[in-house]
Structures are given as C-alpha cells and as structure tokens.
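The data block below is structure-v3.cif; it holds mmCIF, C-alpha atoms.
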data_coords
loop_
_atom_site.group_PDB
_atom_site.id
_atom_site.type_symbol
_atom_site.label_atom_id
_atom_site.label_comp_id
_atom_site.auth_asym_id
_atom_site.auth_seq_id
_atom_site.Cartn_x
_atom_site.Cartn_y
_atom_site.Cartn_z
ATOM 1 C CA MET A 151 0.000 0.000 0.000
ATOM 2 C CA PRO A 152 1.564 3.341 -1.036
ATOM 3 C CA ASP A 153 1.612 6.298 1.329
ATOM 4 C CA ILE A 154 1.125 8.864 -1.462
ATOM 5 C CA LEU A 155 -0.887 8.378 -4.661
ATOM 6 C CA CYS A 156 -0.518 10.638 -7.726
ATOM 7 C CA ILE A 157 -3.205 10.510 -10.439
ATOM 8 C CA GLY A 158 -2.904 12.075 -13.879
ATOM 9 C CA GLU A 159 -1.851 11.877 -17.516
ATOM 10 C CA THR A 160 1.711 11.181 -18.597
ATOM 11 C CA MET A 161 2.692 11.532 -22.235
ATOM 12 C CA THR A 162 5.691 10.805 -24.390
ATOM 13 C CA LEU A 163 7.897 13.890 -24.464
ATOM 14 C CA VAL A 164 9.936 14.771 -27.555
ATOM 15 C CA ALA A 165 12.415 17.614 -27.129
ATOM 16 C CA PRO A 166 15.506 18.953 -28.904
ATOM 17 C CA VAL A 167 18.696 17.579 -27.372
ATOM 18 C CA ASP A 168 19.949 21.158 -27.125
ATOM 19 C CA ALA A 169 17.766 24.071 -26.037
ATOM 20 C CA ILE A 170 17.107 25.310 -29.583
ATOM 21 C CA PRO A 171 13.795 25.697 -31.487
ATOM 22 C CA LEU A 172 12.056 22.717 -33.061
ATOM 23 C CA VAL A 173 12.206 24.334 -36.488
ATOM 24 C CA SER A 174 16.012 24.225 -36.536
ATOM 25 C CA ALA A 175 16.833 21.257 -34.269
ATOM 26 C CA ASP A 176 18.240 18.089 -35.812
ATOM 27 C CA LEU A 177 18.632 15.831 -32.764
ATOM 28 C CA PHE A 178 15.774 14.961 -30.421
ATOM 29 C CA SER A 179 15.411 13.023 -27.193
ATOM 30 C CA VAL A 180 12.397 10.923 -26.248
ATOM 31 C CA HIS A 181 11.374 10.906 -22.596
ATOM 32 C CA MET A 182 8.138 11.037 -20.664
ATOM 33 C CA GLY A 183 6.414 13.939 -18.979
ATOM 34 C CA GLY A 184 3.371 14.455 -16.817
ATOM 35 C CA ALA A 185 2.632 16.684 -13.851
ATOM 36 C CA GLU A 186 1.549 14.008 -11.403
ATOM 37 C CA SER A 187 4.077 11.375 -12.434
ATOM 38 C CA THR A 188 6.875 13.951 -12.136
ATOM 39 C CA VAL A 189 5.779 14.617 -8.571
ATOM 40 C CA ALA A 190 5.774 10.852 -7.966
ATOM 41 C CA LEU A 191 9.286 10.474 -9.385
ATOM 42 C CA TYR A 192 10.738 13.131 -7.095
ATOM 43 C CA LEU A 193 8.864 11.733 -4.086
ATOM 44 C CA ALA A 194 10.204 8.234 -4.762
ATOM 45 C CA GLU A 195 13.700 9.680 -5.007
ATOM 46 C CA GLN A 196 13.185 11.257 -1.589
ATOM 47 C CA GLY A 197 12.413 7.817 -0.171
ATOM 48 C CA HIS A 198 8.620 7.895 -0.088
ATOM 49 C CA ASP A 199 6.348 4.962 -0.902
ATOM 50 C CA VAL A 200 4.475 6.478 -3.835
ATOM 51 C CA ALA A 201 2.263 5.197 -6.643
ATOM 52 C CA TRP A 202 1.147 6.731 -9.918
ATOM 53 C CA ALA A 203 -2.255 5.935 -11.453
ATOM 54 C CA SER A 204 -3.352 6.704 -14.999
ATOM 55 C CA HIS A 205 -4.291 5.265 -18.390
ATOM 56 C CA VAL A 206 -1.819 4.772 -21.216
ATOM 57 C CA GLY A 207 -2.213 3.211 -24.626
ATOM 58 C CA ASN A 208 -1.373 -0.455 -25.064
ATOM 59 C CA ASP A 209 1.463 0.596 -27.346
ATOM 60 C CA PRO A 210 5.271 0.912 -27.212
ATOM 61 C CA LEU A 211 5.085 4.485 -25.934
ATOM 62 C CA GLY A 212 2.830 3.466 -23.061
ATOM 63 C CA THR A 213 5.116 0.578 -22.202
ATOM 64 C CA ARG A 214 8.143 2.865 -22.264
ATOM 65 C CA ILE A 215 6.467 5.346 -19.909
ATOM 66 C CA ILE A 216 5.495 2.668 -17.404
ATOM 67 C CA GLU A 217 8.923 1.063 -17.435
ATOM 68 C CA GLU A 218 10.798 4.368 -17.043
ATOM 69 C CA ILE A 219 8.653 5.498 -14.125
ATOM 70 C CA ALA A 220 8.782 2.099 -12.421
ATOM 71 C CA ALA A 221 12.579 2.042 -12.795
ATOM 72 C CA HIS A 222 12.765 4.989 -10.413
ATOM 73 C CA GLY A 223 10.872 3.211 -7.656
ATOM 74 C CA VAL A 224 7.330 4.420 -8.337
ATOM 75 C CA ASP A 225 4.541 1.831 -8.012
ATOM 76 C CA THR A 226 2.855 1.637 -11.444
ATOM 77 C CA SER A 227 0.464 -1.210 -10.625
ATOM 78 C CA TYR A 228 -2.501 1.188 -10.749
ATOM 79 C CA VAL A 229 -1.859 2.141 -14.399
ATOM 80 C CA THR A 230 -4.336 0.751 -16.956
ATOM 81 C CA ARG A 231 -3.364 -0.024 -20.551
ATOM 82 C CA LEU A 232 -6.077 0.633 -23.140
ATOM 83 C CA ASP A 233 -6.337 -1.033 -26.545
ATOM 84 C CA ASN A 234 -8.771 1.550 -27.917
ATOM 85 C CA ALA A 235 -6.763 4.756 -27.406
ATOM 86 C CA PRO A 236 -3.122 5.823 -27.861
ATOM 87 C CA THR A 237 -0.589 7.266 -25.483
ATOM 88 C CA GLY A 238 -0.451 11.057 -25.833
ATOM 89 C CA VAL A 239 2.607 12.862 -27.208
ATOM 90 C CA TYR A 240 3.907 16.380 -26.755
ATOM 91 C CA PHE A 241 6.827 18.410 -28.083
ATOM 92 C CA LYS A 242 8.864 21.078 -26.321
ATOM 93 C CA ASP A 243 9.934 24.052 -28.413
ATOM 94 C CA PRO A 244 12.622 26.052 -26.540
ATOM 95 C CA ASP A 245 13.548 29.485 -27.869
ATOM 96 C CA ASN A 246 15.676 32.048 -26.013
ATOM 97 C CA GLY A 247 14.698 30.854 -22.549
ATOM 98 C CA VAL A 248 10.995 30.525 -23.343
ATOM 99 C CA THR A 249 9.517 27.098 -24.032
ATOM 100 C CA THR A 250 6.333 26.542 -26.016
ATOM 101 C CA VAL A 251 4.636 23.162 -25.649
ATOM 102 C CA HIS A 252 2.755 21.506 -28.524
ATOM 103 C CA TYR A 253 0.295 18.794 -27.428
ATOM 104 C CA TYR A 254 -0.997 15.825 -29.424
ATOM 105 C CA ARG A 255 -3.260 14.332 -26.796
ATOM 106 C CA ARG A 256 -6.839 14.531 -28.134
ATOM 107 C CA GLY A 257 -8.474 11.126 -27.720
ATOM 108 C CA SER A 258 -5.540 9.845 -25.681
ATOM 109 C CA ALA A 259 -5.885 6.932 -23.284
ATOM 110 C CA ALA A 260 -5.577 9.272 -20.310
ATOM 111 C CA SER A 261 -8.450 11.427 -21.584
ATOM 112 C CA LEU A 262 -10.690 8.370 -21.082
ATOM 113 C CA MET A 263 -10.145 8.362 -17.326
ATOM 114 C CA SER A 264 -13.466 8.570 -15.479
ATOM 115 C CA PRO A 265 -15.009 7.937 -12.050
ATOM 116 C CA ALA A 266 -14.675 4.221 -12.830
ATOM 117 C CA THR A 267 -10.894 4.695 -12.862
ATOM 118 C CA LEU A 268 -11.040 5.390 -9.128
ATOM 119 C CA GLU A 269 -12.754 2.137 -8.217
ATOM 120 C CA ARG A 270 -9.528 0.161 -7.830
ATOM 121 C CA LEU A 271 -7.517 2.928 -6.172
ATOM 122 C CA PRO A 272 -6.855 3.073 -2.388
ATOM 123 C CA LEU A 273 -8.048 6.649 -2.095
ATOM 124 C CA ARG A 274 -9.140 6.440 1.534
ATOM 125 C CA GLU A 275 -6.125 4.377 2.646
ATOM 126 C CA VAL A 276 -3.238 6.624 1.551
ATOM 127 C CA SER A 277 -2.184 9.719 3.475
ATOM 128 C CA ILE A 278 -2.074 12.049 0.438
ATOM 129 C CA VAL A 279 -3.636 11.971 -3.031
ATOM 130 C CA HIS A 280 -1.973 14.420 -5.415
ATOM 131 C CA VAL A 281 -3.755 15.665 -8.549
ATOM 132 C CA SER A 282 -3.614 18.732 -10.766
ATOM 133 C CA GLY A 283 -5.856 21.065 -12.701
ATOM 134 C CA ILE A 284 -4.769 19.436 -15.945
ATOM 135 C CA ASN A 285 -7.030 16.441 -15.304
ATOM 136 C CA PRO A 286 -10.442 18.169 -15.451
ATOM 137 C CA GLY A 287 -9.485 19.898 -18.698
ATOM 138 C CA LEU A 288 -8.747 16.680 -20.580
ATOM 139 C CA SER A 289 -12.360 15.571 -21.049
ATOM 140 C CA GLU A 290 -15.792 15.548 -19.449
ATOM 141 C CA SER A 291 -15.124 12.095 -18.015
ATOM 142 C CA CYS A 292 -11.853 13.309 -16.455
ATOM 143 C CA ALA A 293 -13.684 16.272 -14.946
ATOM 144 C CA ALA A 294 -16.245 13.866 -13.487
ATOM 145 C CA MET A 295 -13.401 11.759 -12.098
ATOM 146 C CA MET A 296 -12.023 14.764 -10.240
ATOM 147 C CA GLN A 297 -15.408 15.525 -8.690
ATOM 148 C CA ALA A 298 -15.769 11.902 -7.631
ATOM 149 C CA LEU A 299 -12.276 11.863 -6.126
ATOM 150 C CA PHE A 300 -13.057 14.768 -3.804
ATOM 151 C CA GLU A 301 -16.336 13.158 -2.788
ATOM 152 C CA ILE A 302 -14.659 9.824 -1.985
ATOM 153 C CA CYS A 303 -11.880 11.438 0.064
ATOM 154 C CA ASP A 304 -14.226 13.757 1.943
ATOM 155 C CA GLY A 305 -14.481 12.733 5.583
ATOM 156 C CA SER A 306 -11.456 10.417 5.408
ATOM 157 C CA THR A 307 -7.943 10.905 6.771
ATOM 158 C CA THR A 308 -6.626 11.265 3.218
ATOM 159 C CA ARG A 309 -5.473 14.774 2.350
ATOM 160 C CA VAL A 310 -6.114 15.890 -1.230
ATOM 161 C CA SER A 311 -3.182 17.854 -2.673
ATOM 162 C CA PHE A 312 -4.208 19.966 -5.672
ATOM 163 C CA ASP A 313 -1.857 21.855 -7.971
ATOM 164 C CA VAL A 314 -3.948 24.352 -9.969
ATOM 165 C CA ASN A 315 -1.514 23.973 -12.899
ATOM 166 C CA TYR A 316 -3.570 25.862 -15.485
ATOM 167 C CA ARG A 317 -2.559 24.999 -19.056
ATOM 168 C CA ARG A 318 -3.839 27.150 -21.932
ATOM 169 C CA GLY A 319 -3.099 24.310 -24.320
ATOM 170 C CA VAL A 320 -5.571 22.086 -22.467
ATOM 171 C CA TRP A 321 -8.591 24.372 -22.093
ATOM 172 C CA GLY A 322 -9.700 27.980 -22.278
ATOM 173 C CA ILE A 323 -9.747 30.279 -19.287
ATOM 174 C CA GLU A 324 -13.528 30.778 -19.346
ATOM 175 C CA ARG A 325 -14.069 27.052 -18.800
ATOM 176 C CA ALA A 326 -11.121 26.515 -16.515
ATOM 177 C CA SER A 327 -11.551 29.428 -14.099
ATOM 178 C CA PRO A 328 -14.685 28.332 -12.189
ATOM 179 C CA VAL A 329 -13.768 24.636 -12.218
ATOM 180 C CA LEU A 330 -10.262 25.195 -10.853
ATOM 181 C CA LEU A 331 -11.526 27.637 -8.226
ATOM 182 C CA ASP A 332 -14.077 25.092 -6.982
ATOM 183 C CA LEU A 333 -11.491 22.308 -6.753
ATOM 184 C CA ALA A 334 -8.954 24.569 -5.039
ATOM 185 C CA ARG A 335 -11.508 25.552 -2.407
ATOM 186 C CA ARG A 336 -12.249 21.883 -1.701
ATOM 187 C CA ALA A 337 -8.642 20.686 -1.486
ATOM 188 C CA ASP A 338 -6.665 20.225 1.717
ATOM 189 C CA ILE A 339 -3.384 21.392 0.165
ATOM 190 C CA VAL A 340 -3.331 23.833 -2.763
ATOM 191 C CA PHE A 341 -0.403 24.890 -4.941
ATOM 192 C CA VAL A 342 -0.855 27.856 -7.266
ATOM 193 C CA GLY A 343 1.377 30.359 -9.028
ATOM 194 C CA ARG A 344 0.721 34.002 -8.245
ATOM 195 C CA ASP A 345 0.696 34.797 -11.969
ATOM 196 C CA GLU A 346 -1.686 31.964 -12.926
ATOM 197 C CA ALA A 347 -4.073 32.945 -10.118
ATOM 198 C CA ALA A 348 -4.090 36.500 -11.449
ATOM 199 C CA GLU A 349 -4.912 35.199 -14.914
ATOM 200 C CA LEU A 350 -7.602 32.800 -13.687
ATOM 201 C CA TRP A 351 -9.299 34.791 -10.958
ATOM 202 C CA GLY A 352 -8.043 38.378 -11.135
ATOM 203 C CA THR A 353 -6.210 38.246 -7.809
ATOM 204 C CA THR A 354 -3.439 40.783 -7.218
ATOM 205 C CA SER A 355 -1.275 39.273 -4.464
ATOM 206 C CA ALA A 356 -0.589 36.103 -2.498
ATOM 207 C CA SER A 357 -2.806 37.299 0.341
ATOM 208 C CA SER A 358 -5.703 38.029 -2.037
ATOM 209 C CA ILE A 359 -5.473 34.442 -3.297
ATOM 210 C CA ALA A 360 -5.747 33.212 0.295
ATOM 211 C CA THR A 361 -8.829 35.378 0.773
ATOM 212 C CA MET A 362 -10.447 34.094 -2.435
ATOM 213 C CA LEU A 363 -9.834 30.472 -1.476
ATOM 214 C CA ASP A 364 -11.280 31.082 2.010
ATOM 215 C CA MET A 365 -8.329 29.601 3.888
ATOM 216 C CA ASP A 366 -10.235 29.804 7.178
ATOM 217 C CA ARG A 367 -12.709 27.162 5.964
ATOM 218 C CA HIS A 368 -11.136 24.427 8.113
ATOM 219 C CA PRO A 369 -8.108 24.345 10.437
ATOM 220 C CA THR A 370 -5.932 22.047 8.311
ATOM 221 C CA ALA A 371 -6.344 23.760 4.925
ATOM 222 C CA THR A 372 -3.005 24.836 3.425
ATOM 223 C CA LEU A 373 -2.286 27.139 0.485
ATOM 224 C CA VAL A 374 1.128 27.533 -1.125
ATOM 225 C CA VAL A 375 1.521 30.487 -3.483
ATOM 226 C CA LYS A 376 4.563 30.308 -5.752
ATOM 227 C CA ASP A 377 5.913 33.606 -7.048
ATOM 228 C CA SER A 378 8.471 32.448 -9.645
ATOM 229 C CA ASP A 379 11.990 33.653 -8.758
ATOM 230 C CA VAL A 380 10.778 35.687 -5.757
ATOM 231 C CA GLY A 381 9.772 32.870 -3.425
ATOM 232 C CA ALA A 382 6.801 30.977 -2.019
ATOM 233 C CA THR A 383 4.344 31.670 0.784
ATOM 234 C CA GLU A 384 2.457 29.108 2.831
ATOM 235 C CA PHE A 385 -0.923 30.160 4.244
ATOM 236 C CA THR A 386 -2.764 28.265 6.986
ATOM 237 C CA ALA A 387 -5.410 29.198 9.537
ATOM 238 C CA THR A 388 -2.614 30.197 11.929
ATOM 239 C CA GLY A 389 -0.787 32.588 9.606
ATOM 240 C CA SER A 390 1.690 32.730 6.738
ATOM 241 C CA VAL A 391 5.367 31.910 6.141
ATOM 242 C CA PHE A 392 7.481 33.168 3.225
ATOM 243 C CA VAL A 393 10.732 31.594 1.978
ATOM 244 C CA ALA A 394 12.747 33.207 -0.815
ATOM 245 C CA ALA A 395 13.571 31.244 -3.953
ATOM 246 C CA HIS A 396 17.106 30.132 -4.773
ATOM 247 C CA ASP A 397 19.236 32.085 -7.225
ATOM 248 C CA VAL A 398 19.289 29.816 -10.285
ATOM 249 C CA ASP A 399 20.582 30.042 -13.846
ATOM 250 C CA VAL A 400 17.333 29.026 -15.553
ATOM 251 C CA VAL A 401 17.465 26.706 -18.557
ATOM 252 C CA GLU A 402 13.712 26.068 -18.654
ATOM 253 C CA VAL A 403 10.810 26.604 -16.258
ATOM 254 C CA VAL A 404 8.624 23.661 -17.372
ATOM 255 C CA GLY A 405 8.524 21.027 -14.628
ATOM 256 C CA ALA A 406 9.748 23.300 -11.839
ATOM 257 C CA GLY A 407 6.286 23.620 -10.299
ATOM 258 C CA ASP A 408 5.917 19.848 -10.060
ATOM 259 C CA ALA A 409 9.378 19.545 -8.517
ATOM 260 C CA PHE A 410 8.440 22.213 -5.976
ATOM 261 C CA ALA A 411 5.212 20.397 -5.067
ATOM 262 C CA ALA A 412 7.134 17.156 -4.562
ATOM 263 C CA GLY A 413 9.691 18.811 -2.325
ATOM 264 C CA TYR A 414 6.997 20.470 -0.262
ATOM 265 C CA LEU A 415 4.968 17.264 0.105
ATOM 266 C CA SER A 416 8.110 15.367 1.062
ATOM 267 C CA GLY A 417 8.850 17.890 3.779
ATOM 268 C CA LEU A 418 5.262 17.773 4.964
ATOM 269 C CA SER A 419 5.272 13.973 5.118
ATOM 270 C CA ASN A 420 8.547 14.037 7.055
ATOM 271 C CA GLY A 421 7.173 16.422 9.667
ATOM 272 C CA LYS A 422 9.183 19.507 8.688
ATOM 273 C CA ASP A 423 7.913 22.941 9.664
ATOM 274 C CA ALA A 424 6.675 25.502 7.123
ATOM 275 C CA HIS A 425 10.143 26.922 6.479
ATOM 276 C CA GLY A 426 11.593 23.437 6.017
ATOM 277 C CA ARG A 427 8.973 22.188 3.578
ATOM 278 C CA LEU A 428 9.031 25.401 1.516
ATOM 279 C CA SER A 429 12.833 25.162 1.401
ATOM 280 C CA MET A 430 12.614 21.562 0.162
ATOM 281 C CA GLY A 431 10.267 22.767 -2.558
ATOM 282 C CA HIS A 432 12.785 25.374 -3.662
ATOM 283 C CA ASP A 433 15.615 22.818 -3.582
ATOM 284 C CA LEU A 434 13.906 20.487 -6.061
ATOM 285 C CA ALA A 435 12.551 23.343 -8.193
ATOM 286 C CA ALA A 436 16.078 24.723 -8.590
ATOM 287 C CA ARG A 437 17.222 21.341 -9.898
ATOM 288 C CA ALA A 438 14.374 21.221 -12.435
ATOM 289 C CA LEU A 439 15.086 24.768 -13.612
ATOM 290 C CA SER A 440 18.598 23.701 -14.590
ATOM 291 C CA SER A 441 17.418 21.258 -17.288
ATOM 292 C CA ILE A 442 15.126 21.020 -20.305
ATOM 293 C CA ASN A 443 13.634 17.835 -18.839
ATOM 294 C CA ASP A 444 10.766 17.607 -16.357
ATOM 295 C CA PHE A 445 12.480 15.136 -14.010
ATOM 296 C CA VAL A 446 16.121 15.745 -13.119
ATOM 297 C CA PRO A 447 17.538 13.037 -10.823
ATOM 298 C CA ALA A 448 19.836 13.943 -7.958
ATOM 299 C CA ALA A 449 22.759 12.364 -9.808
ATOM 300 C CA GLY A 450 22.425 15.176 -12.348
ATOM 301 C CA LEU A 451 21.695 12.855 -15.264
ATOM 302 C CA ASP A 452 18.601 13.905 -17.227
ATOM 303 C CA VAL A 453 15.882 11.275 -17.684
#

Turn the structure described in the file into structure tokens.
Amino acid sequence: MPDILCIGETMTLVAPVDAIPLVSADLFSVHMGGAESTVALYLAEQGHDVAWASHVGNDPLGTRIIEEIAAHGVDTSYVTRLDNAPTGVYFKDPDNGVTTVHYYRRGSAASLMSPATLERLPLREVSIVHVSGINPGLSESCAAMMQALFEICDGSTTRVSFDVNYRRGVWGIERASPVLLDLARRADIVFVGRDEAAELWGTTSASSIATMLDMDRHPTATLVVKDSDVGATEFTATGSVFVAAHDVDVVEVVGAGDAFAAGYLSGLSNGKDAHGRLSMGHDLAARALSSINDFVPAAGLDV
C-alpha cells in the first residue's frame, strides 16, 4: 500500500537535445512527462512509498512510460493499458529561454479516465492523493473523475493535494476558471502560481489568493503560493510563512512547479515545519530549472 498516490496523464515527451527551437533542431530526445508522475518520481527519489495511477495506450510508448517510471521506484500497478486509445505525445519548443509546448493528446488513453478509474484505487487508505488542474481539462469524463475523487476522500484521513496547474493548451480560461476555483476551495493542500491565479481569478497578491480560497474554511487547509523567482508563501489558519527562492541560472521553467510540489509534500510527510517544507520545494525546483527535462535526478543525469 503506497503512502502517497498521484493521479494524472503522462505523455511521451519529444524535445531537442539542445535548447534550440524545433524548427532548426536536428537531434531529439524521447522521454516522458506528466505533472503528477513527475511529482511521484521526485517523491520516490526522496524515499517515499508512492504510486502513480493513470491510463496509457497499449502501445510501445505506453510501455516505455510505465517502465521508465517504475525504474525509479514508483509503483505503477494502478496504471491501466487501453487497446482503444493511444498514449499522448507532446513536443517542447525552446527558444531564447521561453519554451512553447505543442500537445498531441486529443483522444488519448488518459483522456478516457473517469469515475470508474477510481474504483480500484486506495483513495481512503493513503495519506495524500496528489492531482492537478490538468485532469479536469482533458475531457468531461476526467472532470467527473475529479469531482468523484473529492467526494470519496471527503471525511477520510486522506489529504487531497491539488496543484492548480492551469494549461492554456488544455482548455480555455472561461471554462477553466470556475472549475479550478471550486477544486482549489475543496482541497486540503493547494499549490498555485501568483501569476496563474491573477490570470484565472483576477487576484493581485498572495494574500488576495488566500482570501479568495477562504483559507479559514477548516483548520488544516493549506495554500502555497509560488511567485516564480521571488519565493513561495504558505498560508494556513494560523498565519503565513514566506521563503525566498534560490538564485538559479534558468534553462527552462517547465517542470519546476511539479518539482516544488514534490519537495513540499516530502517535507510535509517528514514532519518539517513551514520553512523546512518550503525550502525543500525550492531545492527540487532549482534542480528542475537547470534542465530542459521535467524530471532531473539527484545524480544530475537527465531522464
């Protein structure tokens, strides 16, 4: 039985070997990338018993994803292979420090996740379930799965960790804004970028996000607002704590938010105080910022 369960889509990632645009690159690497599985990979590296649940196609790309994630110590026994849908693919297009992502995920196996996907998952037995705002944007059935997940975990000892993780390439802001706000208000632990909250909900500061999410709704609710290279602030019913970000030479920002969430959740699971868990988040985020890949192992070798 895992202690932490991460649920969400993972796709095959194709990226230039060097940080140059797709239009001029000649050499490409094939990896895997997904918000929740990236969190799981970092958590496993930190010594946690963690599982990743999703759907992939019953194809070579799906097999490759499962094998790569399992090789890093993540339990993949809750992943379902589908014969009737492919594994999604996406391309990274780096250009002068800014990376554009091109998705080819419509009709993917993961988009067929639904409330039925949750039936074989130990949602009320694990200590933390981690999900992101990408899931409800994939399809109506994925959105229904997210609603069902919160209902199942309600009243249990399981804490739902929710990274807002708004992606314009997944869905438009008019659809996403109310759905992500509702899920964030229901979660036990919320991660959100100050800039994405401003875009989604018109907030102007970290404290205004805390007000919008009604952080006084229950004594254990926790909000973490990430403010890029400035730092991150944790809000709870008892107050707030800010920890400055590390000074990093940034190669690419994609994946840093997932690394931060993993570091924070690791610190939380290990009983660290607010400063300690925010610092762990910054530690892993700094590592991710140094690479074009989503998961950067401690050994420094990109995967």

Can you turn the PyMOL selection byres ((chain A and resi 259) around 8) into a concrete residue list for this file, as a PyMOL selection string? chain A and resi 205-207+231-232+234-238+257-258+260-263

Rank nothing, just name the residue among A:Thr160, A:Tyr228, A:Gln196, A:Asp168 nearest to Leu211 in chain A, using only C-alpha atoms. A:Thr160

Residue among A:Asp225, A:Asp366, A:Gly158, A:Arg309 lying closest to Ala293 in chain A, counting all atoms listed in the file: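 Of A:Asp225, A:Asp366, A:Gly158, A:Arg309, the one nearest Ala293 in chain A, counting all atoms listed in the file, is A:Gly158.
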
Which residues match the PyMOL selection byres ((chain A and resi 295) around 9) in the file above, as a list in words? Met263, Ser264, Pro265, Ala266, Thr267, Leu268, Asn285, Pro286, Glu290, Ser291, Cys292, Ala293, Ala294, Met296, Gln297, Ala298, Leu299 and Phe300 of chain A

Could you write out the selected residues, including C-alpha atoms, as an mmCIF file, keeping the file's coordinate frame?
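Below you can see again_18.cif, which holds the result:
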data_model
loop_
_atom_site.group_PDB
_atom_site.id
_atom_site.type_symbol
_atom_site.label_atom_id
_atom_site.label_comp_id
_atom_site.auth_asym_id
_atom_site.auth_seq_id
_atom_site.Cartn_x
_atom_site.Cartn_y
_atom_site.Cartn_z
ATOM 1 C CA MET A 263 -10.145 8.362 -17.326
ATOM 2 C CA SER A 264 -13.466 8.570 -15.479
ATOM 3 C CA PRO A 265 -15.009 7.937 -12.050
ATOM 4 C CA ALA A 266 -14.675 4.221 -12.830
ATOM 5 C CA THR A 267 -10.894 4.695 -12.862
ATOM 6 C CA LEU A 268 -11.040 5.390 -9.128
ATOM 7 C CA ASN A 285 -7.030 16.441 -15.304
ATOM 8 C CA PRO A 286 -10.442 18.169 -15.451
ATOM 9 C CA GLU A 290 -15.792 15.548 -19.449
ATOM 10 C CA SER A 291 -15.124 12.095 -18.015
ATOM 11 C CA CYS A 292 -11.853 13.309 -16.455
ATOM 12 C CA ALA A 293 -13.684 16.272 -14.946
ATOM 13 C CA ALA A 294 -16.245 13.866 -13.487
ATOM 14 C CA MET A 296 -12.023 14.764 -10.240
ATOM 15 C CA GLN A 297 -15.408 15.525 -8.690
ATOM 16 C CA ALA A 298 -15.769 11.902 -7.631
ATOM 17 C CA LEU A 299 -12.276 11.863 -6.126
ATOM 18 C CA PHE A 300 -13.057 14.768 -3.804
#

Test item: residues at most 9 Å from range 376-388 of chain A, only C-alpha atoms, excluding those fewer than 2 positions along its chain, as number ranges by chain: A: 341-345, 356-357, 360, 365-374, 390-398, 407, 410, 424-425, 428, 431-432

For Ala185 in chain A, work out the shell of residues within 10 Å, counting all atoms listed in the file and skipping chain neighbours fewer than 2 positions away, then give it as a list in words. Cys156, Ile157, Gly158, Glu159, Thr160, Met161, Gly183, Ser187, Thr188, Val189, Ala190, His280, Val281, Ser282, Gly283, Ile284, Asn285, Asp313, Asn315, Val404, Gly405, Ala406, Gly407, Asp408, Ala409, Ala411, Asp444 and Phe445 of chain A

Set the distance at 6 Å and use all atoms listed in the file: which residues neighbour Arg427 in chain A once local chain neighbours fewer than 5 positions away are removed? I'd like the list as number ranges by chain. A: 414, 417-418, 422

Specify as a PyMOL selection string each residue included when the PyMOL selection byres ((chain A and resi 213-218) around 8) is applied to this file. chain A and resi 160-162+181-182+208-212+219-222+226+229

From A:Glu301, A:Trp321, A:Ser289, A:Ser440, residue lying nearest Val400 in chain A [all atoms listed in the file]: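 Checking each candidate against Val400 in chain A, we get A:Ser440 as the closest.
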
Work out how far CA of Ile323 in chain A is from CA of Asp245 in chain A, in Å to one decimal.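 Atom-to-atom, CA of Asp245 in chain A and CA of Ile323 in chain A are spaced 24.8 Å apart.
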
Rank A:Thr250, A:Ser179, A:Thr354, A:Ser416 by their smallest atom-to-atom distance to Tyr192 in chain A, using all atoms listed in the file, and report the top residue only. A:Ser416

Name the residues within 7 Å of (-1.6, 14.6, -4.2), counting all atoms listed in the file in the file's coordinates, and put them as a ChimeraX atom specification. /A:154-156,278-281,310-312

Counting all atoms listed in the file, I want the residues whose atoms come within 7 Å of (10.0, 21.2, -29.9) in the file frame, returned as a list in words. Val164, Ala165, Pro166, Pro171, Leu172, Phe241, Lys242, Asp243 and Pro244 of chain A

Among listed residues A:Leu331, A:Tyr253, A:Leu163, A:Ala201, nearest Met362 in chain A (using all atoms listed in the file):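 The closest residue to Met362 in chain A is A:Leu331.
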
Quick one: distance from CA of Pro447 in chain A to CA of Gly421 in chain A in Å, one decimal?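 CA of Pro447 in chain A sits 23.2 Å away from CA of Gly421 in chain A.
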
From the list A:Val446, A:Ala334, A:Leu273, A:Ala326, which residue is nearest Leu191 in chain A when using all atoms listed in the file?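 Checking each candidate against Leu191 in chain A, we get A:Val446 as the closest.
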
Enter the distance from CA of Pro272 in chain A to CA of Asp153 in chain A, in Å, rounded to one decimal.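 Result for CA of Pro272 in chain A versus CA of Asp153 in chain A: 9.8 Å, one decimal.
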